[in-house]
Amino acid sequence: MALIDLIRKSDRLGARKAGTDEKYVICTICDISCQLRASVDENGKLDKIRQHDNPAFSKHICYKGTAAPHVHNHKDRLRVPLKRVGERGEDKWEEISYEQAMDEIADRLSAVVDEHGPEAFAVSTSGWNTQTTHGMDRRFMNLLGSPNWTSGVALCAGNTAAVNKLTYGWFPLGDFMNTKCVVLFGHNPRKHSWSPIYHMIEDARANGAEVIVMDPRVSEQAAAADLHLSLRAGTDAAMCLGWLNVIIEEELYDKTFVDEWTVGFEELLKRVEEYPLSRVSEITGVEPELIARAARMYANADSAIIPWTPITDMQISSTSAIRLQCILRALTGNIDVVGGEIFHGFHPDYIPESELGAHDNLSQAQRDKQLGSQDHPAYTYRAQDMLGDASERVWGHRYADIVMGCYMANPSAMFRAMATEDPYKVKAFFTLGNNTLLSYPNQHQIYAGLMNQDLIVAHEIFMTPTAMLADYVLPGDVFSERNYVADTWGWTGRLQLSQKAVEPPEQATSTFEFWRDLARRMGMTEHFPWESLEDVLDYRLSPMGKTFEEFGRDEYFRFHDANFRKYRRTGFATPSGKVELYSSVLDELGFDPLPYYREGPAISDEYPYYIFTGVREDPFFQTGQRQVEVLRRRSPSPKIFMHPTDAKRDGLIDGDWVDVETATGSVAAKVLVQETMKEGHIRVPHGWWYPEMRYGDSTLSGAFISSDAVLCPDSKEFLDYEQGIPHFKGFPGRVVKRSAPPEGLSQQTLLG
Ligand SMILES: Nc1nc2c(c(=O)[nH]1)N[C@H]1C(S)=C(S)[C@@H](COP(=O)(O)OP(=O)(O)OC[C@H]3O[C@@H](n4cnc5c(=O)[nH]c(N)nc54)[C@H](O)[C@@H]3O)O[C@H]1N2
Ligand SMILES: Nc1nc2c(c(=O)[nH]1)N[C@H]1C(S)=C(S)[C@@H](COP(=O)(O)OP(=O)(O)OC[C@H]3O[C@@H](n4cnc5c(=O)[nH]c(N)nc54)[C@H](O)[C@@H]3O)O[C@H]1N2
Ligand code: SF4
Ligand SMILES: [Mo]
């Protein structure tokens with residue numbers, strides 16, 4: 001059954017069901033876009049967030065979503081623009097008007113661009129939470145001439161999208177509703193972690209799908225799986241090569257599809273032969289028989305999906321691992337078929353951000369300056385431009401900037417340039433809806449880069465450690481305070497309504513208004529003709545022939561009915577028009593055109609553990625929400641996971657405070673001893689800082705005490721070659737007992 005049928009079953013598509021006193025909103029507490037309902041109290045404040053009224057969506061909600069009123073009405077929400085008066089990072093501010101802030105920002109940015117060129121201006125953003133940017137950041141930068149835009153999606157989905165495109169020209173989405181097999185590479189959705197994906201996996205199981213999980217730990221998904229392969233962290237690419245070995249040797253692949261629609265099968269065959277199961281078993285630590293069983297289960301299933309997983313976004317062999325997942329999908333004939341991976345393409349009724357971003361305006365000379373594109377081009381203009389003709393032919397758009405992630409600067413190269421001025425000076429940095437300091441590897445370098453700026457602007461809803469380093473902090477609106485139509489950044493073939501329920505506080509603005517107002521001050525008025533967010537939405541909805549108001553009156557969800565096997569008409573959006581098992585783009589760029597496994601830096605007596613970051617925490621999204629009491633109570637402090645044998649050897653018990661140390665840095669956390677953890681592995685949580693320490697002894701609200709970014713290196717030997725993304729899954733480290741919690745750390749302030 002298709003999702004659309006399920007929705008129709010319980011609701012005539014588009015018929016509004018939310019009461020007149022309720023609005024449909026898309027939750028942006030996390031990035032999975034649940035559509036929920038918002039109600040307002042008698043004082044005009046956001047009162048409640050409830051689940052959808054259509055049973056097809058009503059399970060898609062978690063306790064972070066229902067806690068949204070606690071976030072949106074939080075006493076610490078930023079309400080007025082702030083201008084730095086103390087030293088950078090001293091956290092001393094003067095309140096100023098929005099107009100004054102924008103005038104000064106425009107003047108100071110112009111001065112940087114005049115002195116150093118437009119490439120001296122860099123931006124880091126997130127995009128899912130600010131929603132209303134509508135590609136205006138790229139538009140502004142491309143018109144100005146700066147290629148140096150990056151985002152958290154460089155480590156999450158965006159980079160996977162770019163690598164998928166190299167192989168078959170699009171980033172497909174698994175058909176959970178109809179599939180008979182789900183393969184999770186470490187991916188561990190739960191009721192309160194990406195709730196919709198969790199429920200889609202549950203529904204697939206109920207429909208008879210088998211589930212295979214590759215995870216060092218016995219995660220929640222692993223515990224419920226039909227097969228669990230407890231591989232060593234960071235070895236997913238080798239695992240895929242092992243699967244291919246079995247699938248090819250036992251002729252479990254779709255020969256017709258391979259003959260007609262792929263290039264490079266013979267070359268792939270030779271590469272795969274280099275990875276016999278004995279070698280793969282040695283690398284991954286999983287028994288050969290189990291690897292073979294899993295490969296057979298996957299290949300023999302009537303249909304199967306390998307949903308996108310953030311785990312292979314962040315490994316030293318990331319490009320190969322992602323390409324191998326694409327190759328497995330292709331060889332088993334699961335491409336653009338019912339129950340397989342669907343190539344939705346752009347929604348025909350909505351103008352995509354890929355077009356609004358005005359990428360054509362950026363000259364070749366400026367593209368060439370995109371930071372990181374020389375060493376690690378895979379998701380930069382340099383590699384992705386090579387797909388432009390094919391993309392136009394197949395998708396009707398030269399730029400397929402799926403999940404915002406296909407034309408980015410490399411973050412590590414960007415922060416290095418900001419810190420060292422090599423290869424050139426970067427002197428103005430804007431961060432919007434992104435806690436930059438904690439959100440990439442090597443926090444020390446990010447800090448040095450930020451401290452070396454002439455101008456920093458943060459657009460935020462709370463005073464984060466990153467915002468504390470800014471010259472201007474502008475208050476942002478939140479999802480209950482703005483109108484929007486979500487197209488999941490051109491990925492999922494669906495349009496979802498999000499309606500303004502309440503007014504934003506005092507001088508808070510959307511990121512759209514921010515870019516428009518800056519552009520108009522910097523001589524780009526004609527390119528930013530929209531007076532309001534609703535104007536932009538009307539423009540984007542124009543192919544549908546409806547205004548935002550009309551769409552919002554009639555519908556809350558519009559699906560793009562998927563046609564299957566579209567490639568038979570158009571070919572794939574790659575240079576060859578086929579699935580490139582042998583990548584012509586990587587070849588031309590001087591990289592290995594075939595996938596391979598690369599071993600990460602080795603553990604040693606000094607650093608005996610494989611550390612991985614992640615295992616997201618239910619109460620928080622990434623670096624957020626530590627100031628929200630109802631959520632913080634659920635997890636007051638950061639915890640590392642250790643296997644009992646390791647804990648015993650190190651003389652540690654539950655609740656001990658420890659330092660986790662790597663060659664790059666050291667962070668403090670509590671120990672949680674878990675049978676389910678894999679021996680020799682340590683889990684470090686992402687995103688910890690202490691909003692309650694803002695006015696205490698610690699600088700930047702304790703941003704260096706427990707943040708994983710302090711630990712994660714980004715020197716060459718820790719970076720994936722093609723994309724230059726860091727190895728977050730299995731870098732060497734050690735654990736040392738502390739005699740006391742870190743100084744100044746007190747939960748009393750927050751939790752009373
Ligand atoms: N070191 C390290 N880095 C990582 C990861 C990791 O595990 N370790 N994980 C990576 C992954 S998977 C991802 S998805 C990214 C996520 O990176 P981000 O998307 O940057 O995620 P957050 O840490 O939640 O930071 C979002 C910031 O936006 C603010 N915000 C929330 N809503 C709004 C809004 O409506 N308007 C504005 N203006 N601001 C808002 C929040 O207060 C918060 O400070 O990080 C990546 N980076
Ligand atoms: N509540 C909540 N939910 C969230 C988020 C959040 O911050 N809070 N963040 C959202 C975001 S942006 C993302 S990207 C996702 C991430 O969510 P997931 O994709 O579920 O990733 P993690 O929770 O980091 O880790 C999942 C599993 O990967 C395993 N693992 C670690 N290293 C490896 C490895 O090298 N190989 C394999 N195969 N497995 C490994 C871990 O043991 C863990 O069980 O979560 C999303 N959901
Ligand atoms: S999973 Fe939770 S936090 Fe994420 S969008 Fe849905 S309700 Fe919001
Ligand atoms: Mo993510």
# chains A, B, ... in the order shown; residues from 1 in each chain; ligands from 1
$ residues_near_ligand --ligand "ligand 4" --cutoff "12 Å" --atoms "only C-alpha atoms and all ligand atoms" --output "ChimeraX atom specification"
/A:30-32,126-128,151-160,187,189,193-194,308-314,403,439-440,613-616,621-623,686-687
$ write_last_selection --atoms "C-alpha atoms" --output "short mmCIF file (atom, residue, chain, number, x, y, z; two decimals), in the first residue's frame"
data_model
loop_
_atom_site.label_atom_id
_atom_site.label_comp_id
_atom_site.auth_asym_id
_atom_site.auth_seq_id
_atom_site.Cartn_x
_atom_site.Cartn_y
_atom_site.Cartn_z
CA CYS A 30 14.42 17.72 15.60
CA ASP A 31 14.90 17.42 11.86
CA ILE A 32 12.39 14.70 10.94
CA SER A 126 21.36 24.15 9.77
CA GLY A 127 18.26 24.90 7.77
CA TRP A 128 15.87 22.35 9.18
CA SER A 151 26.09 23.18 7.40
CA GLY A 152 25.60 20.34 9.85
CA VAL A 153 24.36 18.41 6.81
CA ALA A 154 28.01 18.13 5.78
CA LEU A 155 28.06 15.31 8.37
CA CYS A 156 24.47 14.20 8.09
CA ALA A 157 22.33 13.38 5.06
CA GLY A 158 23.63 16.20 2.88
CA ASN A 159 26.90 14.43 2.23
CA THR A 160 25.09 11.13 1.72
CA HIS A 187 20.79 3.40 12.59
CA PRO A 189 15.39 5.07 15.59
CA SER A 193 14.36 9.48 18.42
CA TRP A 194 13.07 10.12 14.93
CA TRP A 308 19.81 6.36 4.81
CA THR A 309 21.90 6.10 7.95
CA PRO A 310 23.84 8.87 9.62
CA ILE A 311 26.38 6.30 10.81
CA THR A 312 28.08 5.94 7.43
CA ASP A 313 27.96 9.74 7.02
CA MET A 314 30.73 10.01 9.56
CA VAL A 403 18.82 18.04 1.66
CA SER A 439 28.80 20.90 15.80
CA TYR A 440 31.85 19.82 13.85
CA THR A 613 30.15 9.66 19.14
CA GLY A 614 26.39 9.46 18.89
CA VAL A 615 23.64 7.28 20.30
CA ARG A 616 21.35 10.26 20.37
CA PHE A 621 18.11 17.18 19.86
CA GLN A 622 21.86 17.48 19.20
CA THR A 623 23.29 20.46 21.13
CA HIS A 686 27.14 14.63 21.30
CA GLY A 687 26.40 18.21 22.05
#
$ residues_near_ligand --ligand "ligand 3" --cutoff "8 Å" --atoms "only C-alpha atoms and all ligand atoms" --output "list in words"
Ile26, Cys27, Thr28, Ile29, Cys30, Asp31, Ile32, Ser33, Cys34, Gln35, Leu36, His60, Ile61, Cys62, Tyr63, Lys64, Gly65, Thr66, Lys191, His192, Ser193, Trp194, Ser195, Pro196 and Phe621 of chain A
$ closest_residue --among "A:His459, A:His397, A:Arg190, A:Arg482" --to "ligand 2" --atoms "only C-alpha atoms and all ligand atoms"
A:Arg190
$ select_by_dssp --residues "region 150-330 of chain A" --states "strand (DSSP E or B)" --output "list in words"
Thr150, Ser151, Leu173, Gly174, Cys181, Val182, Val183, Leu184, Phe185, Arg190, Ser193, Glu210, Val211, Ile212, Val213, Met214, Leu227, His228, Leu229, Thr262, Val263 and Ile305 of chain A
$ residues_around --residues "region 410-426 of chain A" --least-positions-apart "3" --cutoff "10 Å" --atoms "only C-alpha atoms" --output "mmCIF file with N, CA, C and O atoms, in the first residue's frame"
data_model
loop_
_atom_site.group_PDB
_atom_site.id
_atom_site.type_symbol
_atom_site.label_atom_id
_atom_site.label_comp_id
_atom_site.auth_asym_id
_atom_site.auth_seq_id
_atom_site.Cartn_x
_atom_site.Cartn_y
_atom_site.Cartn_z
ATOM 1 N N VAL A 112 34.438 44.003 4.955
ATOM 2 C CA VAL A 112 35.231 42.764 4.845
ATOM 3 C C VAL A 112 35.334 42.338 3.378
ATOM 4 O O VAL A 112 36.417 41.995 2.892
ATOM 5 N N VAL A 113 34.206 42.374 2.679
ATOM 6 C CA VAL A 113 34.202 41.949 1.277
ATOM 7 C C VAL A 113 35.069 42.897 0.436
ATOM 8 O O VAL A 113 35.836 42.447 -0.432
ATOM 9 N N HIS A 116 38.839 41.981 1.477
ATOM 10 C CA HIS A 116 39.389 40.627 1.274
ATOM 11 C C HIS A 116 38.723 39.833 0.156
ATOM 12 O O HIS A 116 39.124 38.702 -0.111
ATOM 13 N N GLY A 117 37.672 40.377 -0.429
ATOM 14 C CA GLY A 117 36.940 39.623 -1.459
ATOM 15 C C GLY A 117 35.758 38.877 -0.855
ATOM 16 O O GLY A 117 35.746 38.596 0.359
ATOM 17 N N PRO A 118 34.762 38.524 -1.695
ATOM 18 C CA PRO A 118 33.544 37.888 -1.154
ATOM 19 C C PRO A 118 33.792 36.533 -0.521
ATOM 20 O O PRO A 118 33.040 36.094 0.356
ATOM 21 N N GLU A 119 34.852 35.836 -0.922
ATOM 22 C CA GLU A 119 35.124 34.510 -0.345
ATOM 23 C C GLU A 119 35.554 34.616 1.120
ATOM 24 O O GLU A 119 35.607 33.591 1.818
ATOM 25 N N ALA A 120 35.826 35.856 1.582
ATOM 26 C CA ALA A 120 36.179 36.043 2.991
ATOM 27 C C ALA A 120 34.955 35.992 3.889
ATOM 28 O O ALA A 120 35.044 36.162 5.104
ATOM 29 N N PHE A 121 33.799 35.755 3.287
ATOM 30 C CA PHE A 121 32.545 35.660 4.035
ATOM 31 C C PHE A 121 32.082 34.204 4.048
ATOM 32 O O PHE A 121 31.914 33.594 2.994
ATOM 33 N N ALA A 122 31.905 33.637 5.247
ATOM 34 C CA ALA A 122 31.503 32.230 5.359
ATOM 35 C C ALA A 122 30.238 32.123 6.209
ATOM 36 O O ALA A 122 30.002 32.949 7.097
ATOM 37 N N VAL A 123 29.460 31.094 5.925
ATOM 38 C CA VAL A 123 28.212 30.874 6.656
ATOM 39 C C VAL A 123 28.115 29.415 7.082
ATOM 40 O O VAL A 123 28.473 28.510 6.317
ATOM 41 N N SER A 124 27.675 29.209 8.315
ATOM 42 C CA SER A 124 27.342 27.850 8.754
ATOM 43 C C SER A 124 25.906 27.881 9.250
ATOM 44 O O SER A 124 25.523 28.745 10.029
ATOM 45 N N ASN A 148 31.454 29.911 0.225
ATOM 46 C CA ASN A 148 31.809 29.278 1.509
ATOM 47 C C ASN A 148 30.630 29.156 2.467
ATOM 48 O O ASN A 148 30.588 29.752 3.533
ATOM 49 N N TRP A 149 29.696 28.335 2.042
ATOM 50 C CA TRP A 149 28.511 27.998 2.835
ATOM 51 C C TRP A 149 28.668 26.556 3.309
ATOM 52 O O TRP A 149 29.026 25.680 2.521
ATOM 53 N N THR A 150 28.460 26.333 4.601
ATOM 54 C CA THR A 150 28.459 24.938 5.063
ATOM 55 C C THR A 150 27.353 24.736 6.091
ATOM 56 O O THR A 150 26.658 25.682 6.472
ATOM 57 N N SER A 151 27.231 23.508 6.540
ATOM 58 C CA SER A 151 26.091 23.178 7.401
ATOM 59 C C SER A 151 26.343 21.862 8.116
ATOM 60 O O SER A 151 27.175 21.054 7.674
ATOM 61 N N GLY A 152 25.572 21.640 9.185
ATOM 62 C CA GLY A 152 25.596 20.342 9.851
ATOM 63 C C GLY A 152 25.327 19.205 8.878
ATOM 64 O O GLY A 152 25.749 18.066 9.111
ATOM 65 N N ALA A 154 26.738 18.637 6.307
ATOM 66 C CA ALA A 154 28.014 18.126 5.780
ATOM 67 C C ALA A 154 28.364 16.793 6.441
ATOM 68 O O ALA A 154 29.148 16.004 5.900
ATOM 69 N N LEU A 155 27.788 16.555 7.640
ATOM 70 C CA LEU A 155 28.058 15.313 8.372
ATOM 71 C C LEU A 155 26.799 14.479 8.505
ATOM 72 O O LEU A 155 26.784 13.489 9.229
ATOM 73 N N LYS A 369 37.281 28.656 -5.612
ATOM 74 C CA LYS A 369 37.825 29.016 -4.291
ATOM 75 C C LYS A 369 37.084 28.322 -3.147
ATOM 76 O O LYS A 369 37.401 28.528 -1.978
ATOM 77 N N GLN A 370 36.078 27.532 -3.475
ATOM 78 C CA GLN A 370 35.294 26.911 -2.396
ATOM 79 C C GLN A 370 36.219 26.097 -1.480
ATOM 80 O O GLN A 370 36.953 25.202 -1.936
ATOM 81 N N LEU A 371 36.170 26.395 -0.198
ATOM 82 C CA LEU A 371 37.141 25.804 0.730
ATOM 83 C C LEU A 371 36.955 24.292 0.843
ATOM 84 O O LEU A 371 35.841 23.803 1.016
ATOM 85 N N GLY A 372 38.050 23.590 0.700
ATOM 86 C CA GLY A 372 38.046 22.134 0.778
ATOM 87 C C GLY A 372 37.857 21.457 -0.561
ATOM 88 O O GLY A 372 38.065 20.247 -0.678
ATOM 89 N N SER A 373 37.464 22.202 -1.588
ATOM 90 C CA SER A 373 37.102 21.544 -2.851
ATOM 91 C C SER A 373 38.320 20.998 -3.586
ATOM 92 O O SER A 373 38.172 20.093 -4.407
ATOM 93 N N ASP A 375 41.043 19.485 -2.078
ATOM 94 C CA ASP A 375 41.446 18.210 -1.462
ATOM 95 C C ASP A 375 40.305 17.202 -1.388
ATOM 96 O O ASP A 375 40.530 16.001 -1.543
ATOM 97 N N HIS A 376 39.103 17.686 -1.089
ATOM 98 C CA HIS A 376 37.978 16.775 -0.807
ATOM 99 C C HIS A 376 36.735 17.256 -1.565
ATOM 100 O O HIS A 376 35.838 17.872 -0.985
ATOM 101 N N PRO A 377 36.663 16.967 -2.858
ATOM 102 C CA PRO A 377 35.630 17.636 -3.667
ATOM 103 C C PRO A 377 34.233 17.025 -3.674
ATOM 104 O O PRO A 377 33.313 17.626 -4.211
ATOM 105 N N ALA A 378 34.009 15.831 -3.086
ATOM 106 C CA ALA A 378 32.793 15.060 -3.399
ATOM 107 C C ALA A 378 31.492 15.840 -3.264
ATOM 108 O O ALA A 378 30.618 15.717 -4.099
ATOM 109 N N TYR A 379 31.317 16.622 -2.186
ATOM 110 C CA TYR A 379 30.036 17.340 -2.073
ATOM 111 C C TYR A 379 30.173 18.825 -2.371
ATOM 112 O O TYR A 379 29.275 19.606 -2.082
ATOM 113 N N THR A 380 31.283 19.243 -2.935
ATOM 114 C CA THR A 380 31.466 20.653 -3.293
ATOM 115 C C THR A 380 31.025 20.874 -4.748
ATOM 116 O O THR A 380 30.724 19.925 -5.471
ATOM 117 N N TYR A 407 26.388 21.157 -2.506
ATOM 118 C CA TYR A 407 27.295 22.186 -3.059
ATOM 119 C C TYR A 407 27.941 22.967 -1.915
ATOM 120 O O TYR A 407 27.943 24.189 -1.902
ATOM 121 N N PHE A 429 31.851 35.807 9.534
ATOM 122 C CA PHE A 429 31.221 34.491 9.692
ATOM 123 C C PHE A 429 29.825 34.665 10.280
ATOM 124 O O PHE A 429 29.663 35.302 11.312
ATOM 125 N N THR A 436 27.596 26.274 16.034
ATOM 126 C CA THR A 436 28.794 25.919 15.274
ATOM 127 C C THR A 436 29.924 25.358 16.133
ATOM 128 O O THR A 436 30.544 24.351 15.776
ATOM 129 N N SER A 439 29.491 21.717 16.797
ATOM 130 C CA SER A 439 28.798 20.903 15.795
ATOM 131 C C SER A 439 29.653 20.361 14.670
ATOM 132 O O SER A 439 29.124 19.950 13.628
ATOM 133 N N TYR A 440 30.929 20.381 14.853
ATOM 134 C CA TYR A 440 31.846 19.822 13.850
ATOM 135 C C TYR A 440 33.001 19.198 14.627
ATOM 136 O O TYR A 440 33.075 19.349 15.832
ATOM 137 N N PRO A 441 33.925 18.530 13.945
ATOM 138 C CA PRO A 441 35.086 18.024 14.690
ATOM 139 C C PRO A 441 36.029 19.167 15.072
ATOM 140 O O PRO A 441 35.957 20.250 14.490
ATOM 141 N N ASN A 442 36.906 18.874 16.036
ATOM 142 C CA ASN A 442 37.989 19.781 16.409
ATOM 143 C C ASN A 442 37.519 21.158 16.880
ATOM 144 O O ASN A 442 37.741 22.178 16.228
ATOM 145 N N GLN A 443 36.878 21.147 18.037
ATOM 146 C CA GLN A 443 36.332 22.378 18.614
ATOM 147 C C GLN A 443 37.411 23.442 18.834
ATOM 148 O O GLN A 443 37.134 24.633 18.756
ATOM 149 N N HIS A 444 38.630 23.007 19.092
ATOM 150 C CA HIS A 444 39.725 23.965 19.330
ATOM 151 C C HIS A 444 39.947 24.820 18.090
ATOM 152 O O HIS A 444 40.162 26.024 18.165
ATOM 153 N N GLN A 445 39.923 24.140 16.940
ATOM 154 C CA GLN A 445 40.151 24.885 15.698
ATOM 155 C C GLN A 445 38.967 25.800 15.373
ATOM 156 O O GLN A 445 39.158 26.917 14.905
ATOM 157 N N ILE A 446 37.755 25.321 15.639
ATOM 158 C CA ILE A 446 36.575 26.157 15.369
ATOM 159 C C ILE A 446 36.671 27.419 16.231
ATOM 160 O O ILE A 446 36.447 28.535 15.757
ATOM 161 N N TYR A 447 37.058 27.215 17.489
ATOM 162 C CA TYR A 447 37.182 28.347 18.410
ATOM 163 C C TYR A 447 38.231 29.339 17.901
ATOM 164 O O TYR A 447 37.995 30.552 17.849
ATOM 165 N N ALA A 448 39.380 28.795 17.487
ATOM 166 C CA ALA A 448 40.443 29.678 16.981
ATOM 167 C C ALA A 448 39.948 30.434 15.746
ATOM 168 O O ALA A 448 40.229 31.635 15.577
ATOM 169 N N GLY A 449 39.197 29.760 14.907
ATOM 170 C CA GLY A 449 38.652 30.403 13.710
ATOM 171 C C GLY A 449 37.692 31.522 14.070
ATOM 172 O O GLY A 449 37.736 32.616 13.501
ATOM 173 N N LEU A 450 36.837 31.264 15.041
ATOM 174 C CA LEU A 450 35.850 32.275 15.441
ATOM 175 C C LEU A 450 36.553 33.475 16.080
ATOM 176 O O LEU A 450 36.193 34.626 15.839
ATOM 177 N N MET A 451 37.574 33.197 16.869
ATOM 178 C CA MET A 451 38.286 34.289 17.557
ATOM 179 C C MET A 451 39.075 35.166 16.581
ATOM 180 O O MET A 451 39.488 36.258 16.925
ATOM 181 N N ASN A 452 39.274 34.675 15.362
ATOM 182 C CA ASN A 452 40.058 35.422 14.377
ATOM 183 C C ASN A 452 39.175 36.172 13.378
ATOM 184 O O ASN A 452 39.623 36.537 12.307
ATOM 185 N N GLN A 453 37.897 36.360 13.725
ATOM 186 C CA GLN A 453 36.988 37.039 12.793
ATOM 187 C C GLN A 453 36.867 38.540 13.089
ATOM 188 O O GLN A 453 36.990 38.969 14.236
ATOM 189 N N ASP A 454 36.585 39.298 12.024
ATOM 190 C CA ASP A 454 36.280 40.729 12.204
ATOM 191 C C ASP A 454 34.794 40.930 12.497
ATOM 192 O O ASP A 454 34.398 41.926 13.072
ATOM 193 N N PRO A 713 39.067 14.477 16.242
ATOM 194 C CA PRO A 713 40.111 15.121 15.452
ATOM 195 C C PRO A 713 39.645 15.395 14.019
ATOM 196 O O PRO A 713 38.702 14.771 13.552
ATOM 197 N N ASP A 714 40.311 16.311 13.348
ATOM 198 C CA ASP A 714 40.047 16.458 11.920
ATOM 199 C C ASP A 714 41.341 16.660 11.144
ATOM 200 O O ASP A 714 41.361 17.325 10.105
ATOM 201 N N SER A 715 42.414 16.068 11.656
ATOM 202 C CA SER A 715 43.646 16.083 10.873
ATOM 203 C C SER A 715 43.504 15.044 9.763
ATOM 204 O O SER A 715 42.622 14.183 9.815
ATOM 205 N N LEU A 719 40.330 11.974 8.220
ATOM 206 C CA LEU A 719 39.304 12.425 7.275
ATOM 207 C C LEU A 719 39.133 11.456 6.123
ATOM 208 O O LEU A 719 40.125 10.949 5.567
ATOM 209 N N GLN A 723 35.325 13.147 0.605
ATOM 210 C CA GLN A 723 34.492 14.224 1.161
ATOM 211 C C GLN A 723 35.190 15.044 2.226
ATOM 212 O O GLN A 723 34.744 16.137 2.552
ATOM 213 N N GLY A 724 36.219 14.481 2.839
ATOM 214 C CA GLY A 724 36.871 15.195 3.934
ATOM 215 C C GLY A 724 35.995 15.289 5.171
ATOM 216 O O GLY A 724 36.079 16.250 5.932
ATOM 217 N N ILE A 725 35.153 14.274 5.402
ATOM 218 C CA ILE A 725 34.371 14.292 6.643
ATOM 219 C C ILE A 725 35.112 13.460 7.698
ATOM 220 O O ILE A 725 35.875 12.565 7.373
ATOM 221 N N PRO A 726 34.876 13.787 8.978
ATOM 222 C CA PRO A 726 35.675 13.178 10.043
ATOM 223 C C PRO A 726 35.240 11.764 10.412
ATOM 224 O O PRO A 726 34.100 11.378 10.182
#
$ closest_residue --among "A:Lys729, A:Arg569, A:Arg734, A:Lys59" --to "ligand 1" --atoms "only C-alpha atoms and all ligand atoms"
A:Lys729
$ closest_residue --among "A:Asp587, A:Asp203, A:Glu617, A:Asp605" --to "ligand 1" --atoms "only C-alpha atoms and all ligand atoms"
A:Glu617
$ closest_residue --among "A:Glu460, A:Asp360, A:Asp368, A:Asp336" --to "Trp170 (chain A)" --atoms "only C-alpha atoms"
A:Asp336
$ residues_around --residues "Arg558 (chain A)" --least-positions-apart "4" --cutoff "7 Å" --atoms "only C-alpha atoms" --output "PyMOL selection string"
chain A and resi 494-496
$ residues_around --residues "Ala101 (chain A)" --least-positions-apart "2" --cutoff "12 Å" --atoms "only C-alpha atoms" --output "PyMOL selection string"
chain A and resi 80-84+94-99+103-109+457-459+471-475+507+514+517-518+521
$ select_by_dssp --residues "region 506-725 of chain A" --states "alpha helix (DSSP H)" --output "MDAnalysis selection string"
chainID A and resid 511:521 533:541 548:554 567:570 584:588 629:632 644:649 708:711
$ residues_around --residues "Arg520 (chain A)" --least-positions-apart "4" --cutoff "12 Å" --atoms "only C-alpha atoms" --output "list of chain:residue names"
A:Met102, A:Asp103, A:Ala106, A:Phe140, A:Glu513, A:Phe514, A:Trp515, A:Arg516, A:Met524, A:Thr525, A:Glu526, A:His527, A:Phe528, A:Pro529, A:Trp530, A:Glu531
$ write_last_selection --atoms "C-alpha atoms" --output "PDB file, in the first residue's frame"
ATOM      1  CA  MET A 102      21.078  45.237  10.189  1.00  0.00           C
ATOM      2  CA  ASP A 103      22.570  48.606   9.141  1.00  0.00           C
ATOM      3  CA  ALA A 106      25.627  45.396   6.242  1.00  0.00           C
ATOM      4  CA  PHE A 140      22.665  36.050  -1.161  1.00  0.00           C
ATOM      5  CA  GLU A 513      13.708  38.373   6.648  1.00  0.00           C
ATOM      6  CA  PHE A 514      17.302  38.456   7.782  1.00  0.00           C
ATOM      7  CA  TRP A 515      18.719  37.658   4.322  1.00  0.00           C
ATOM      8  CA  ARG A 516      16.225  39.849   2.503  1.00  0.00           C
ATOM      9  CA  MET A 524      20.554  43.328  -4.259  1.00  0.00           C
ATOM     10  CA  THR A 525      16.950  44.532  -3.892  1.00  0.00           C
ATOM     11  CA  GLU A 526      15.871  43.367  -7.350  1.00  0.00           C
ATOM     12  CA  HIS A 527      16.873  39.792  -6.505  1.00  0.00           C
ATOM     13  CA  PHE A 528      14.880  39.826  -3.282  1.00  0.00           C
ATOM     14  CA  PRO A 529      11.505  41.154  -4.422  1.00  0.00           C
ATOM     15  CA  TRP A 530       9.378  39.340  -1.830  1.00  0.00           C
ATOM     16  CA  GLU A 531       7.826  41.534   0.856  1.00  0.00           C
TER      17      GLU A 531
END
$ residues_around --residues "Asn300 (chain A)" --least-positions-apart "5" --cutoff "12 Å" --atoms "only C-alpha atoms" --output "ChimeraX atom specification"
/A:180-181,210,246-247,250-254,292-295,331-334
